[in-house]
Amino acid sequence: MKKMKLGSTGTDISRMGLGTWSIGGGPAWGGDHDLKVVVDLIRECPKLGVNLIDTAPGYNFGNSEKIVGKALEGMKREDVVIITKCGIIWNDRKGSLFNKVGDTQLYKNLSRESILEEIDQSLERLGTDYIDVYMTHWQAVEPYFTPISETMEVLNELKAQGKIRAIGAANVDVNHIKEYLKYGSLDIVQAKYSILDRAIEEDLLPVCKENNVTIQAYSPLEMGLLSGALPRDYKPVGAQIPKKWFQPDNMQKAMDMMDQWKPLCEKYDCAIANLALAWILAQGEFINLLSGSTTTEQIAENIKSAELELEPEDVAYMRKLAEDIDK
């Protein structure tokens, strides 16, 4: 597995990380998984060259973190770089309304008080005394708004204490990034990016490249659509249902596009999913990928994407196809 530097930290991370959004289980996250299978998956990652594990308290109310913590019990802590997040809570009504999962209301809160509570809860669930990258999950909004300057103040304190080693931010815009950089080091930004969702290319990608901030792309396979494994009559489930590319007409257009990728699959001796992931990596050396695998076999297959060297004309061809179906 190819490595890259994490922002300005000097830390080596694999160009592909394991995303544990689904591993946390629960109805909104694709259902529960066999605990042994997902724990074994996490433990196998370093052996496969994947040293980056991404989780969050908001993934099934802390369960994803607990599963990662269970896996860490049988691993060398220094073998993995753990990302977890703050800013989404459910056990306190202080905060701005976010999603509702079942009967449980989630809130956005990036206040000092909340972050200090969340960090200790995450450390306990993960069973570790430090977090490699602590990331703000969603940005603060009214009516419970906290300025980024105040959020960064407490994050910088946690960094000085050794509880966290780097700071990241997810779901941000360019103005957010510039504000974070005023008050300290921002080493990684997590953003949705796929060949079907290229919105961050307009301004976020250039700003991150200019400031040596790693971009970590999540949902590069559009919740499984770009895996190439779904049948034409597939019915979306859970969080897929409201998404743009799972609407019937759009889903068929995406499948038509993937049909036109098949000659490239033969050329590179790879699967559809490998092409979708390799295309993202081809957009810049500062880009990292999250693979939402739930089995060792899945991530072993996805890892092949990081080894593919797509020729520039093929990268351009794939972009043109994606642009054509999005008109």
# chains A, B, ... in the order shown; residues from 1 in each chain; ligands from 1
call {"tool": "residues_around", "arguments": {"residues": "stretch 108-124 of chain A", "least_positions_apart": "2", "cutoff": "8 Å", "atoms": "only C-alpha atoms", "output": "number ranges by chain"}}
result
A: 57, 62, 65, 84, 86-89, 94-98, 106, 126-131, 136, 138-141, 144-146, 150-151, 154
call {"tool": "closest_atom_pairs", "arguments": {"of": "stretch 72-179 of chain A", "to": "stretch 8-14 of chain A", "cutoff": "12 Å", "atoms": "only C-alpha atoms", "output": "JSON lines"}}
result
{"residue": "A:Glu78", "atom": "CA", "partner": "A:Thr11", "partner_atom": "CA", "distance": 11.4}
{"residue": "A:Asp79", "atom": "CA", "partner": "A:Ile13", "partner_atom": "CA", "distance": 10.4}
{"residue": "A:Val80", "atom": "CA", "partner": "A:Ile13", "partner_atom": "CA", "distance": 8.7}
{"residue": "A:Val81", "atom": "CA", "partner": "A:Ile13", "partner_atom": "CA", "distance": 7.3}
{"residue": "A:Ile82", "atom": "CA", "partner": "A:Ile13", "partner_atom": "CA", "distance": 10.3}
{"residue": "A:Ile83", "atom": "CA", "partner": "A:Ile13", "partner_atom": "CA", "distance": 11.4}
{"residue": "A:Asp132", "atom": "CA", "partner": "A:Thr11", "partner_atom": "CA", "distance": 9.6}
{"residue": "A:Val133", "atom": "CA", "partner": "A:Thr9", "partner_atom": "CA", "distance": 10.5}
{"residue": "A:Arg165", "atom": "CA", "partner": "A:Thr9", "partner_atom": "CA", "distance": 8.8}
{"residue": "A:Ala166", "atom": "CA", "partner": "A:Thr9", "partner_atom": "CA", "distance": 7.5}
{"residue": "A:Ile167", "atom": "CA", "partner": "A:Thr9", "partner_atom": "CA", "distance": 10.1}
{"residue": "A:Gly168", "atom": "CA", "partner": "A:Thr9", "partner_atom": "CA", "distance": 11.7}
call {"tool": "select_by_dssp", "arguments": {"residues": "stretch 75-249 of chain A", "states": "helix (DSSP H, G or I)", "output": "MDAnalysis selection string"}}
result
chainID A and resid 77:79 112:126 148:161 174:182 199:201 204:210 225:227 238:240 244:246 248:249
call {"tool": "closest_residue", "arguments": {"among": "A:Glu285, A:Val174, A:Glu311, A:Thr296", "to": "A:Cys45", "atoms": "only C-alpha atoms"}}
result
A:Thr296
call {"tool": "residues_around", "arguments": {"residues": "A:Ala273", "least_positions_apart": "4", "cutoff": "12 Å", "atoms": "only C-alpha atoms", "output": "PyMOL selection string"}}
result
chain A and resi 194-195+219-230+258+261-262+264-265+269+277-280+291-293+298-299+301-306+308
call {"tool": "write_last_selection", "arguments": {"atoms": "N, CA and C atoms", "output": "short mmCIF file (atom, residue, chain, number, x, y, z; two decimals), in the first residue's frame"}}
result
data_model
loop_
_atom_site.label_atom_id
_atom_site.label_comp_id
_atom_site.auth_asym_id
_atom_site.auth_seq_id
_atom_site.Cartn_x
_atom_site.Cartn_y
_atom_site.Cartn_z
N SER A 194 -16.70 11.84 -4.94
CA SER A 194 -16.74 10.66 -5.82
C SER A 194 -16.75 11.18 -7.25
N ILE A 195 -16.61 10.30 -8.20
CA ILE A 195 -16.66 10.72 -9.59
C ILE A 195 -18.05 11.26 -9.95
N SER A 219 -17.30 8.29 1.11
CA SER A 219 -18.34 7.85 0.18
C SER A 219 -17.88 7.88 -1.27
N PRO A 220 -16.64 7.46 -1.56
CA PRO A 220 -16.16 7.47 -2.95
C PRO A 220 -16.89 6.48 -3.84
N LEU A 221 -17.56 5.49 -3.22
CA LEU A 221 -18.33 4.54 -4.01
C LEU A 221 -19.83 4.84 -3.94
N GLU A 222 -20.17 6.04 -3.46
CA GLU A 222 -21.58 6.45 -3.40
C GLU A 222 -22.44 5.38 -2.73
N MET A 223 -22.03 5.03 -1.49
CA MET A 223 -22.79 4.06 -0.68
C MET A 223 -23.01 2.74 -1.41
N GLY A 224 -22.04 2.33 -2.18
CA GLY A 224 -22.10 1.03 -2.84
C GLY A 224 -22.55 1.06 -4.29
N LEU A 225 -23.10 2.18 -4.75
CA LEU A 225 -23.57 2.25 -6.13
C LEU A 225 -22.43 2.02 -7.11
N LEU A 226 -21.27 2.63 -6.83
CA LEU A 226 -20.13 2.52 -7.74
C LEU A 226 -19.30 1.26 -7.50
N SER A 227 -19.84 0.35 -6.72
CA SER A 227 -19.16 -0.94 -6.55
C SER A 227 -19.31 -1.78 -7.81
N GLY A 228 -20.34 -1.45 -8.61
CA GLY A 228 -20.62 -2.24 -9.81
C GLY A 228 -21.30 -3.55 -9.51
N ALA A 229 -21.68 -3.75 -8.25
CA ALA A 229 -22.24 -5.04 -7.84
C ALA A 229 -23.76 -5.03 -7.73
N LEU A 230 -24.37 -3.85 -7.86
CA LEU A 230 -25.82 -3.77 -7.67
C LEU A 230 -26.56 -4.12 -8.96
N MET A 258 -21.15 3.00 -15.86
CA MET A 258 -20.24 1.92 -15.46
C MET A 258 -20.11 0.85 -16.53
N TRP A 261 -17.34 1.66 -18.63
CA TRP A 261 -16.03 1.48 -18.01
C TRP A 261 -15.45 0.09 -18.26
N LYS A 262 -16.28 -0.83 -18.72
CA LYS A 262 -15.86 -2.24 -18.78
C LYS A 262 -14.59 -2.47 -19.60
N LEU A 264 -12.10 -0.55 -19.71
CA LEU A 264 -11.01 -0.15 -18.82
C LEU A 264 -10.75 -1.23 -17.77
N CYS A 265 -11.81 -1.89 -17.34
CA CYS A 265 -11.62 -3.00 -16.39
C CYS A 265 -10.74 -4.08 -17.01
N ASP A 269 -7.19 -4.86 -15.69
CA ASP A 269 -7.43 -6.11 -14.95
C ASP A 269 -7.94 -5.82 -13.54
N LEU A 277 -12.37 4.13 -7.35
CA LEU A 277 -11.47 4.57 -6.29
C LEU A 277 -10.16 5.11 -6.86
N ALA A 278 -9.62 4.43 -7.86
CA ALA A 278 -8.37 4.88 -8.47
C ALA A 278 -8.53 6.26 -9.12
N TRP A 279 -9.72 6.53 -9.65
CA TRP A 279 -9.98 7.83 -10.27
C TRP A 279 -9.83 8.95 -9.23
N ILE A 280 -10.35 8.73 -8.02
CA ILE A 280 -10.21 9.72 -6.96
C ILE A 280 -8.74 9.95 -6.63
N SER A 291 -12.31 3.59 2.69
CA SER A 291 -13.02 2.42 2.18
C SER A 291 -13.97 1.92 3.26
N GLY A 292 -15.25 1.93 2.97
CA GLY A 292 -16.24 1.50 3.95
C GLY A 292 -16.45 0.00 3.95
N SER A 293 -15.40 -0.75 4.01
CA SER A 293 -15.49 -2.22 3.95
C SER A 293 -16.03 -2.79 5.26
N GLN A 298 -13.39 -7.55 1.31
CA GLN A 298 -13.75 -6.30 0.65
C GLN A 298 -12.59 -5.31 0.63
N ILE A 299 -11.95 -5.13 1.77
CA ILE A 299 -10.86 -4.14 1.78
C ILE A 299 -9.66 -4.65 1.01
N GLU A 301 -9.79 -6.30 -1.67
CA GLU A 301 -10.12 -6.01 -3.07
C GLU A 301 -9.95 -4.52 -3.36
N ASN A 302 -10.41 -3.66 -2.42
CA ASN A 302 -10.34 -2.22 -2.64
C ASN A 302 -8.90 -1.70 -2.64
N ILE A 303 -8.04 -2.38 -1.90
CA ILE A 303 -6.64 -1.97 -1.82
C ILE A 303 -5.97 -1.96 -3.20
N LYS A 304 -6.44 -2.82 -4.07
CA LYS A 304 -5.87 -2.87 -5.43
C LYS A 304 -5.97 -1.52 -6.12
N SER A 305 -6.95 -0.73 -5.73
CA SER A 305 -7.18 0.57 -6.36
C SER A 305 -6.00 1.50 -6.15
N ALA A 306 -5.37 1.41 -4.98
CA ALA A 306 -4.26 2.30 -4.67
C ALA A 306 -3.00 1.97 -5.47
N LEU A 308 -3.27 1.00 -8.74
CA LEU A 308 -3.54 1.27 -10.15
C LEU A 308 -2.95 2.61 -10.58
#
call {"tool": "closest_residue", "arguments": {"among": "A:Gly26, A:Gly102, A:Pro263, A:Gly49", "to": "A:Ser64", "atoms": "only C-alpha atoms"}}
result
A:Gly26
call {"tool": "closest_residue", "arguments": {"among": "A:Ala199, A:Leu289, A:Leu158, A:Leu281", "to": "A:Val315", "atoms": "only C-alpha atoms"}}
result
A:Leu281
call {"tool": "residues_around", "arguments": {"residues": "A:Ile177", "least_positions_apart": "6", "cutoff": "9 Å", "atoms": "only C-alpha atoms", "output": "list in words"}}
result
Ala169, Leu186, Val189, Leu204, Val207 and Cys208 of chain A
call {"tool": "residues_around", "arguments": {"residues": "stretch 36-41 of chain A", "least_positions_apart": "4", "cutoff": "12 Å", "atoms": "only C-alpha atoms", "output": "CSV table (one decimal) with N, CA and C atoms, in the first residue's frame"}}
result
chain,number,residue,atom,x,y,z
A,18,LEU,N,-9.6,2.7,6.4
A,18,LEU,CA,-10.8,2.0,6.7
A,18,LEU,C,-11.8,2.9,7.3
A,19,GLY,N,-13.0,3.1,6.7
A,19,GLY,CA,-14.1,3.8,7.3
A,19,GLY,C,-15.0,2.9,8.0
A,20,THR,N,-15.4,3.2,9.2
A,20,THR,CA,-16.2,2.3,10.1
A,20,THR,C,-17.6,2.8,10.3
A,21,TRP,N,-18.1,3.6,9.4
A,21,TRP,CA,-19.5,4.1,9.5
A,21,TRP,C,-20.5,2.9,9.5
A,22,SER,N,-20.3,2.0,8.6
A,22,SER,CA,-21.2,0.8,8.6
A,22,SER,C,-20.9,-0.2,9.6
A,23,ILE,N,-19.7,-0.3,10.0
A,23,ILE,CA,-19.3,-1.3,11.0
A,23,ILE,C,-20.0,-1.1,12.3
A,24,GLY,N,-20.3,0.2,12.6
A,24,GLY,CA,-21.0,0.5,13.9
A,24,GLY,C,-22.4,-0.2,14.0
A,25,GLY,N,-23.0,-0.6,12.8
A,25,GLY,CA,-24.3,-1.2,12.8
A,25,GLY,C,-25.4,-0.3,13.1
A,32,ASP,N,-26.7,-4.5,11.6
A,32,ASP,CA,-25.6,-5.0,12.4
A,32,ASP,C,-24.7,-6.0,11.7
A,45,CYS,N,-6.1,-5.1,9.0
A,45,CYS,CA,-5.8,-3.9,8.2
A,45,CYS,C,-4.2,-3.6,8.1
A,46,PRO,N,-3.5,-3.5,9.3
A,46,PRO,CA,-2.1,-3.3,9.2
A,46,PRO,C,-1.3,-4.3,8.4
A,47,LYS,N,-1.8,-5.5,8.4
A,47,LYS,CA,-1.1,-6.6,7.7
A,47,LYS,C,-1.3,-6.4,6.2
A,48,LEU,N,-2.4,-5.7,5.8
A,48,LEU,CA,-2.7,-5.4,4.4
A,48,LEU,C,-2.1,-4.1,4.0
A,50,VAL,N,-2.9,-1.1,5.5
A,50,VAL,CA,-3.8,-0.1,5.8
A,50,VAL,C,-3.6,0.3,7.3
A,53,ILE,N,-7.6,4.2,10.4
A,53,ILE,CA,-8.9,3.7,10.8
A,53,ILE,C,-9.7,4.9,11.2
A,64,SER,N,-19.6,2.1,17.0
A,64,SER,CA,-18.4,2.0,16.1
A,64,SER,C,-17.1,2.2,16.8
A,65,GLU,N,-17.0,3.2,17.7
A,65,GLU,CA,-15.8,3.4,18.5
A,65,GLU,C,-15.6,2.2,19.4
A,66,LYS,N,-16.6,1.6,20.0
A,66,LYS,CA,-16.5,0.5,20.9
A,66,LYS,C,-15.9,-0.7,20.1
A,67,ILE,N,-16.4,-0.9,18.9
A,67,ILE,CA,-15.9,-2.0,18.1
A,67,ILE,C,-14.4,-1.8,17.7
A,68,VAL,N,-14.0,-0.6,17.3
A,68,VAL,CA,-12.6,-0.3,17.1
A,68,VAL,C,-11.8,-0.5,18.3
A,69,GLY,N,-12.3,-0.1,19.5
A,69,GLY,CA,-11.6,-0.4,20.8
A,69,GLY,C,-11.5,-1.8,21.0
A,70,LYS,N,-12.5,-2.6,20.7
A,70,LYS,CA,-12.3,-4.1,20.9
A,70,LYS,C,-11.2,-4.6,20.0
A,71,ALA,N,-11.2,-4.2,18.8
A,71,ALA,CA,-10.1,-4.6,17.9
A,71,ALA,C,-8.7,-4.2,18.4
A,72,LEU,N,-8.6,-3.0,19.0
A,72,LEU,CA,-7.3,-2.5,19.4
A,72,LEU,C,-6.8,-3.3,20.6
A,73,GLU,N,-7.6,-4.0,21.3
A,73,GLU,CA,-7.2,-4.9,22.4
A,73,GLU,C,-6.2,-5.9,21.9
A,74,GLY,N,-6.3,-6.3,20.6
A,74,GLY,CA,-5.5,-7.4,20.1
A,74,GLY,C,-4.5,-6.8,19.1
A,75,MET,N,-4.2,-5.5,19.2
A,75,MET,CA,-3.3,-4.9,18.2
A,75,MET,C,-2.2,-4.1,18.9
A,292,GLY,N,-15.3,1.9,3.0
A,292,GLY,CA,-16.2,1.5,3.9
A,292,GLY,C,-16.5,0.0,3.9
A,293,SER,N,-15.4,-0.8,4.0
A,293,SER,CA,-15.5,-2.2,4.0
A,293,SER,C,-16.0,-2.8,5.3
A,294,THR,N,-16.7,-3.9,5.2
A,294,THR,CA,-17.1,-4.6,6.4
A,294,THR,C,-16.6,-6.0,6.5
A,295,THR,N,-15.8,-6.5,5.5
A,295,THR,CA,-15.1,-7.7,5.6
A,295,THR,C,-13.7,-7.6,5.1
A,296,THR,N,-12.8,-8.5,5.5
A,296,THR,CA,-11.4,-8.4,5.1
A,296,THR,C,-11.3,-8.6,3.6
A,297,GLU,N,-12.2,-9.4,3.0
A,297,GLU,CA,-12.2,-9.6,1.6
A,297,GLU,C,-12.4,-8.3,0.8
A,298,GLN,N,-13.4,-7.5,1.3
A,298,GLN,CA,-13.7,-6.3,0.6
A,298,GLN,C,-12.6,-5.3,0.6
A,299,ILE,N,-11.9,-5.1,1.8
A,299,ILE,CA,-10.9,-4.1,1.8
A,299,ILE,C,-9.7,-4.6,1.0
A,300,ALA,N,-9.4,-6.0,1.0
A,300,ALA,CA,-8.3,-6.5,0.2
A,300,ALA,C,-8.5,-6.2,-1.2
call {"tool": "select_by_dssp", "arguments": {"residues": "stretch 48-251 of chain A", "states": "strand (DSSP E or B)", "output": "ChimeraX atom specification"}}
result
/A:52-54,81-86,88-89,96-101,104-108,131,133-136,164,167-170,188-192,194,197,214-218
call {"tool": "atom_distance", "arguments": {"atom1": "atom CA of A:Asn51", "atom2": "atom CA of A:Met1"}}
result
9.6 Å
call {"tool": "atom_distance", "arguments": {"atom1": "atom CA of A:Thr55", "atom2": "atom CA of A:Tyr193"}}
result
17.8 Å
call {"tool": "residues_around", "arguments": {"residues": "A:Ile325", "least_positions_apart": "2", "cutoff": "8 Å", "atoms": "only C-alpha atoms", "output": "VMD selection string"}}
result
chain A and resid 253 to 254 257 321 to 323 327
call {"tool": "closest_residue", "arguments": {"among": "A:Met135, A:Ile42, A:Leu52, A:Met152", "to": "A:Gly184", "atoms": "only C-alpha atoms"}}
result
A:Met152
